[in-house]
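Have a look at input_4.csv; it's CSV, C-alpha atoms:
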chain,number,residue,atom,x,y,z
A,1,MET,CA,131.1,-18.6,95.1
A,2,LYS,CA,129.7,-22.1,95.4
A,3,LEU,CA,131.9,-24.9,94.1
A,4,SER,CA,129.2,-26.2,91.7
A,5,ARG,CA,128.9,-22.7,90.2
A,6,ILE,CA,132.6,-22.4,89.6
A,7,LEU,CA,132.5,-25.7,87.6
A,8,SER,CA,129.3,-24.8,85.8
A,9,ASN,CA,130.9,-21.5,84.7
A,10,GLN,CA,133.2,-23.6,82.5
A,11,ASP,CA,132.3,-23.9,78.9
A,12,GLY,CA,130.1,-27.0,78.2
A,13,THR,CA,129.7,-27.9,81.9
A,14,SER,CA,126.1,-28.1,83.1
A,15,ARG,CA,125.1,-27.7,86.7
A,16,LYS,CA,124.0,-31.3,86.7
A,17,ARG,CA,127.4,-32.5,85.4
A,18,ALA,CA,129.2,-30.2,87.9
A,19,ASN,CA,127.3,-31.8,90.8
A,20,ALA,CA,128.1,-35.3,89.5
A,21,LEU,CA,131.8,-34.5,89.2
A,22,ILE,CA,131.8,-33.2,92.8
A,23,ALA,CA,129.9,-36.2,94.1
A,24,ALA,CA,132.3,-38.6,92.4
A,25,GLY,CA,135.3,-37.0,94.2
A,26,ARG,CA,136.9,-35.8,91.0
A,27,VAL,CA,137.1,-32.2,92.2
A,28,THR,CA,139.8,-30.8,94.5
A,29,VAL,CA,140.0,-27.5,96.4
A,30,ASN,CA,143.5,-26.6,97.3
A,31,ASP,CA,144.5,-30.2,96.3
A,32,LEU,CA,142.0,-31.8,98.7
A,33,PRO,CA,138.9,-33.7,97.4
A,34,CYS,CA,135.7,-31.8,98.0
A,35,ARG,CA,132.3,-33.6,97.6
A,36,VAL,CA,130.1,-30.6,98.8
A,37,ALA,CA,128.6,-28.9,95.8
A,38,ALA,CA,127.4,-25.9,98.0
A,39,GLN,CA,130.9,-25.4,99.5
A,40,GLU,CA,131.8,-21.7,99.3
A,41,VAL,CA,135.2,-21.2,97.6
A,42,ASP,CA,136.9,-17.8,97.4
A,43,ARG,CA,139.3,-16.5,94.8
A,44,PHE,CA,142.3,-17.5,96.9
A,45,ALA,CA,141.6,-21.2,96.6
A,46,SER,CA,142.7,-23.4,93.6
A,47,VAL,CA,140.1,-25.7,92.1
A,48,ALA,CA,140.9,-28.6,89.8
A,49,VAL,CA,138.9,-31.4,88.0
A,50,ASP,CA,140.8,-34.6,87.5
A,51,GLY,CA,144.0,-32.7,88.2
A,52,GLU,CA,143.3,-30.0,85.6
A,53,VAL,CA,143.2,-26.5,87.3
A,54,ILE,CA,140.1,-24.6,86.4
A,55,GLN,CA,140.6,-21.8,89.0
A,56,ALA,CA,144.1,-20.8,89.9
A,57,ALA,CA,144.5,-19.3,93.4
A,58,ASP,CA,144.9,-15.6,93.6
A,59,THR,CA,147.6,-14.3,96.0
A,60,PRO,CA,146.0,-12.3,98.9
A,61,CYS,CA,147.6,-8.9,99.5
A,62,TYR,CA,147.4,-6.9,102.7
A,63,LEU,CA,149.3,-3.6,102.9
A,64,MET,CA,149.8,-0.9,105.6
A,65,LEU,CA,150.3,2.5,104.1
A,66,HIS,CA,151.3,5.7,106.0
A,67,LYS,CA,149.0,8.0,104.2
A,68,PRO,CA,150.3,11.5,103.6
A,69,ALA,CA,148.0,14.6,103.3
A,70,GLY,CA,146.9,15.5,99.8
A,71,TYR,CA,146.2,12.0,98.6
A,72,LEU,CA,142.6,10.7,98.0
A,73,SER,CA,141.6,7.4,99.5
A,74,ALA,CA,140.5,6.2,96.0
A,75,THR,CA,141.9,3.9,93.4
A,76,VAL,CA,141.6,6.4,90.5
A,77,ASP,CA,140.8,10.1,90.2
A,78,ALA,CA,141.1,12.5,87.3
A,79,GLU,CA,142.1,15.5,89.3
A,80,HIS,CA,144.0,14.5,92.4
A,81,PRO,CA,146.7,11.9,93.3
A,82,THR,CA,145.4,8.8,95.0
A,83,VAL,CA,146.9,6.5,97.5
A,84,LEU,CA,147.4,3.9,94.8
A,85,ASP,CA,150.0,6.2,93.2
A,86,LEU,CA,152.1,5.4,96.2
A,87,ILE,CA,151.9,1.6,95.7
A,88,ALA,CA,154.1,-0.4,93.2
A,89,PRO,CA,152.0,-0.9,90.0
A,90,ASP,CA,152.5,-4.7,90.2
A,91,LEU,CA,150.5,-4.8,93.4
A,92,HIS,CA,147.5,-2.7,92.1
A,93,ARG,CA,145.3,-5.5,90.9
A,94,ASP,CA,142.0,-5.5,92.7
A,95,LEU,CA,143.3,-3.6,95.6
A,96,HIS,CA,140.7,-1.6,97.6
A,97,ILE,CA,140.8,0.5,100.7
A,98,ALA,CA,139.6,-0.8,104.1
A,99,GLY,CA,138.4,2.3,105.9
A,100,ARG,CA,139.0,5.5,104.0
A,101,LEU,CA,140.6,8.7,105.2
A,102,ASP,CA,139.8,12.1,103.6
A,103,ARG,CA,142.3,13.9,101.5
A,104,ALA,CA,143.7,16.1,104.3
A,105,SER,CA,143.9,13.3,106.9
A,106,THR,CA,147.0,11.2,107.5
A,107,GLY,CA,148.1,8.0,109.1
A,108,LEU,CA,147.2,4.3,108.9
A,109,LEU,CA,145.5,3.1,105.8
A,110,ILE,CA,144.9,-0.5,104.9
A,111,LEU,CA,144.7,-1.7,101.3
A,112,THR,CA,143.8,-5.3,100.4
A,113,ASN,CA,142.3,-7.5,97.7
A,114,ASP,CA,140.5,-9.6,100.3
A,115,GLY,CA,136.9,-8.3,100.5
A,116,GLN,CA,135.7,-10.6,103.2
A,117,TRP,CA,138.7,-9.7,105.4
A,118,SER,CA,138.2,-6.0,104.9
A,119,ARG,CA,134.5,-6.1,105.7
A,120,GLN,CA,135.4,-7.8,109.0
A,121,LEU,CA,137.8,-4.9,109.7
A,122,THR,CA,135.3,-2.1,108.9
A,123,GLU,CA,131.9,-3.5,109.7
A,124,PRO,CA,130.4,-1.5,112.6
A,125,LYS,CA,128.7,-4.6,114.1
A,126,VAL,CA,132.2,-6.1,114.7
A,127,LYS,CA,133.1,-3.0,116.8
A,128,ILE,CA,136.8,-3.0,116.0
A,129,PRO,CA,138.2,0.2,117.6
A,130,LYS,CA,139.7,2.9,115.3
A,131,ILE,CA,142.0,5.3,117.1
A,132,TYR,CA,142.8,8.8,115.9
A,133,HIS,CA,145.0,11.7,117.1
A,134,VAL,CA,143.0,14.9,116.6
A,135,THR,CA,144.1,18.5,116.7
A,136,THR,CA,141.4,21.2,117.0
A,137,ALA,CA,141.2,24.9,116.2
A,138,TYR,CA,139.9,25.8,119.7
A,139,PRO,CA,140.4,24.4,123.2
A,140,ILE,CA,138.5,21.2,123.8
A,141,SER,CA,135.6,21.8,126.2
A,142,GLU,CA,135.1,19.8,129.3
A,143,GLU,CA,131.8,18.5,128.1
A,144,THR,CA,133.2,17.1,124.8
A,145,SER,CA,134.2,13.7,126.2
A,146,GLU,CA,130.7,13.3,127.8
A,147,ARG,CA,128.9,14.3,124.6
A,148,PHE,CA,131.0,11.8,122.5
A,149,ALA,CA,130.3,9.0,125.0
A,150,GLU,CA,126.6,9.7,124.8
A,151,GLY,CA,126.6,9.7,121.1
A,152,LEU,CA,125.6,12.7,118.8
A,153,TRP,CA,122.6,13.0,116.6
A,154,PHE,CA,123.3,13.2,112.8
A,155,GLU,CA,120.3,14.7,111.2
A,156,TYR,CA,121.2,13.7,107.6
A,157,GLU,CA,121.5,10.0,108.4
A,158,GLN,CA,118.7,10.2,111.1
A,159,LEU,CA,120.8,8.3,113.6
A,160,ARG,CA,122.8,8.7,116.8
A,161,THR,CA,126.5,7.8,116.7
A,162,SER,CA,127.8,5.0,118.7
A,163,PRO,CA,129.6,5.9,122.0
A,164,ALA,CA,133.1,7.2,121.3
A,165,GLN,CA,135.9,7.7,123.7
A,166,LEU,CA,137.9,10.9,124.0
A,167,GLU,CA,141.2,11.1,125.8
A,168,GLN,CA,142.4,14.7,126.1
A,169,LEU,CA,146.1,15.1,125.4
A,170,GLY,CA,146.4,18.9,125.6
A,171,ALA,CA,144.2,22.0,125.3
A,172,ARG,CA,143.6,21.4,121.6
A,173,GLU,CA,144.7,17.7,121.2
A,174,ALA,CA,142.9,14.5,121.9
A,175,ARG,CA,142.9,10.8,121.1
A,176,VAL,CA,139.5,9.6,119.9
A,177,THR,CA,138.4,6.0,119.6
A,178,LEU,CA,135.5,5.1,117.3
A,179,TYR,CA,133.8,1.8,116.7
A,180,GLU,CA,132.2,2.8,113.4
A,181,GLY,CA,133.3,4.9,110.5
A,182,ARG,CA,130.7,7.3,109.1
A,183,TYR,CA,131.4,10.1,106.6
A,184,HIS,CA,133.7,12.7,108.1
A,185,GLN,CA,132.5,11.4,111.5
A,186,ILE,CA,135.1,12.9,113.8
A,187,LYS,CA,135.0,16.3,112.0
A,188,ARG,CA,131.2,16.4,112.3
A,189,MET,CA,131.3,15.3,115.9
A,190,PHE,CA,133.6,18.2,116.9
A,191,HIS,CA,131.5,20.6,114.8
A,192,ARG,CA,128.5,19.6,116.8
A,193,VAL,CA,130.2,20.7,120.0
A,194,GLY,CA,131.3,24.0,118.6
A,195,ASN,CA,134.9,23.1,117.6
A,196,ARG,CA,136.8,22.4,114.3
A,197,VAL,CA,139.3,19.7,113.4
A,198,THR,CA,142.5,21.1,111.9
A,199,ALA,CA,144.5,17.8,111.8
A,200,LEU,CA,143.4,14.1,111.9
A,201,HIS,CA,145.8,11.2,112.0
A,202,ARG,CA,144.8,7.6,112.3
A,203,GLU,CA,147.0,5.6,114.6
A,204,ARG,CA,145.4,2.2,114.9
A,205,MET,CA,142.7,-0.1,113.7
A,206,GLY,CA,142.1,-3.0,116.1
A,207,ASP,CA,145.4,-4.6,116.8
A,208,ILE,CA,147.0,-3.1,113.6
A,209,ARG,CA,149.1,-0.1,114.7
A,210,LEU,CA,150.9,2.3,112.4
A,211,ASN,CA,154.6,1.8,112.7
A,212,GLU,CA,156.4,4.8,114.1
A,213,ASP,CA,159.3,4.2,111.8
A,214,LEU,CA,157.2,3.8,108.7
A,215,ALA,CA,157.9,7.0,106.7
A,216,THR,CA,155.0,9.1,105.4
A,217,GLY,CA,154.1,7.7,102.0
A,218,ASP,CA,155.8,4.3,102.6
A,219,TYR,CA,154.0,1.0,103.0
A,220,ARG,CA,154.7,-2.6,104.1
A,221,PRO,CA,152.9,-5.9,104.0
A,222,LEU,CA,150.9,-6.8,107.1
A,223,THR,CA,152.3,-9.5,109.3
A,224,SER,CA,150.5,-12.8,109.6
A,225,GLU,CA,149.7,-11.9,113.2
A,226,GLU,CA,148.1,-8.6,112.1
A,227,ILE,CA,146.1,-10.4,109.4
A,228,LEU,CA,144.8,-13.0,111.9
A,229,SER,CA,144.1,-10.5,114.6
A,230,LEU,CA,140.5,-9.8,113.4
A,231,PRO,CA,137.8,-11.7,115.4
Spell out the structure here as structure tokens.
Amino acid sequence: MKLSRILSNQDGTSRKRANALIAAGRVTVNDLPCRVAAQEVDRFASVAVDGEVIQAADTPCYLMLHKPAGYLSATVDAEHPTVLDLIAPDLHRDLHIAGRLDRASTGLLILTNDGQWSRQLTEPKVKIPKIYHVTTAYPISEETSERFAEGLWFEYEQLRTSPAQLEQLGAREARVTLYEGRYHQIKRMFHRVGNRVTALHRERMGDIRLNEDLATGDYRPLTSEEILSLP
């Protein structure tokens, strides 16, 4: 939100007065004077006028969860347990999921209250790799890797998937790397080549890798290196 709008949202402060306060150097952002009325200020910055805080800085939260099967990637649901049920209640405020997994899938799930950061992680244009361990019902055919690399046509969306990489690990196991995240994409891709996914486990998103020692259902804060790893 623009700095002038934050000020003008205060009772009795017009946009004209807000601009005048900013121009006079009476407004600080994170304790530093800011004279740019159009400066974008997020919820994690403190704003004060003449030393009086009018916006307290929220605390950013970035969590890695080892998602178990059976939990919805949702914040609330009337029928099924959600991944938020695994997180301490005092951390729930404004958390959302950056890159969902379906109820049966497991592995790396990121929860955060920083919308700008999570968009950077999940936006297909940024092309951050998402890596999955996949188990299938039938042996993986020799042509599967080539078909994935070419992209597959999804009739419902009227689009072709971006090239994906498949590394075969066994007759019915593979590691698949995507650079987008469409609805049930991996399951639909295998369905298009005559196979069926029986287990899907996300191992990594960009440089954020699921800890091998993080027990199923447990979570931890992301490190500063992981948070800053996005381009």
(request) Could you tell me how far atom CA of Arg220 of chain A lies from atom CA of Leu200 of chain A, in Å and to one decimal? (result)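 Value for the atom CA of Arg220 of chain A-atom CA of Leu200 of chain A distance: 21.6 Å.
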(request) Using all atoms listed in the file, find the one residue out of A:Ala74, A:Ile22, A:His80, A:Ala88 that sits nearest to Asp218 of chain A. (result)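 Looking at the shortest contact to Asp218 of chain A, the residue is A:Ala88.
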(message) So the first atom is atom CA of Phe190 of chain A and the second is atom CA of Ala69 of chain A; what is the distance between them in Å, to one decimal place?
(response) 20.1 Å
(request) Kindly indicate which residue among A:His66, A:His133, A:Lys2, A:Arg35 lies nearest to Leu178 of chain A, using all atoms listed in the file for the distances. (result)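 Counting all atoms listed in the file, the residue closest to Leu178 of chain A is A:His133.
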(request) Provide the atom CA of Met189 of chain A to atom CA of Pro163 of chain A distance in Å, to one decimal place. (result) 11.3 Å
(request) Give me the residues within 6 Å of Glu203 of chain A as an MDAnalysis selection string, counting all atoms listed in the file and dropping any in the same chain fewer than 4 places off. (result) chainID A and resid 108 131:132 210
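Once Ser73 of chain A and its same-chain neighbours fewer than 3 positions away are set aside, A:Lys67, A:Thr82, A:Val83, A:Leu84, A:Ile97, A:Gly99, A:Arg100, A:Leu101, A:Asp102, A:Arg103, A:Leu109 remain within 9 Å of it when counting all atoms listed in the file.
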(message) Taking 4 positions as the minimum chain separation for residues in the same chain, which residues sit within 6 Å of segment 46-56 of chain A when counting all atoms listed in the file? Answer as a PyMOL selection string.
(response) chain A and resi 26-30
(message) Ranking A:Ile128, A:Ile87, A:Leu121, A:Arg192 by minimum distance to Phe154 of chain A and counting all atoms listed in the file, which one comes first?
(response)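 Going through A:Ile128, A:Ile87, A:Leu121, A:Arg192 one by one, the smallest distance to Phe154 of chain A is for A:Arg192.
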(request) Using only C-alpha atoms, pick whichever of A:His201, A:Thr177, A:Ala149, A:Leu3 has the shortest atom-to-atom distance to Ala20 of chain A. (result)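 Counting only C-alpha atoms, the residue closest to Ala20 of chain A is A:Leu3.
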(request) Give the answer as one residue: which of A:Leu111, A:Leu169, A:Leu230, A:Ala24 has the shortest atom-to-atom distance to Lys127 of chain A, using all atoms listed in the file? (result)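 When distances to Lys127 of chain A are compared using all atoms listed in the file, the smallest one comes from A:Leu230.
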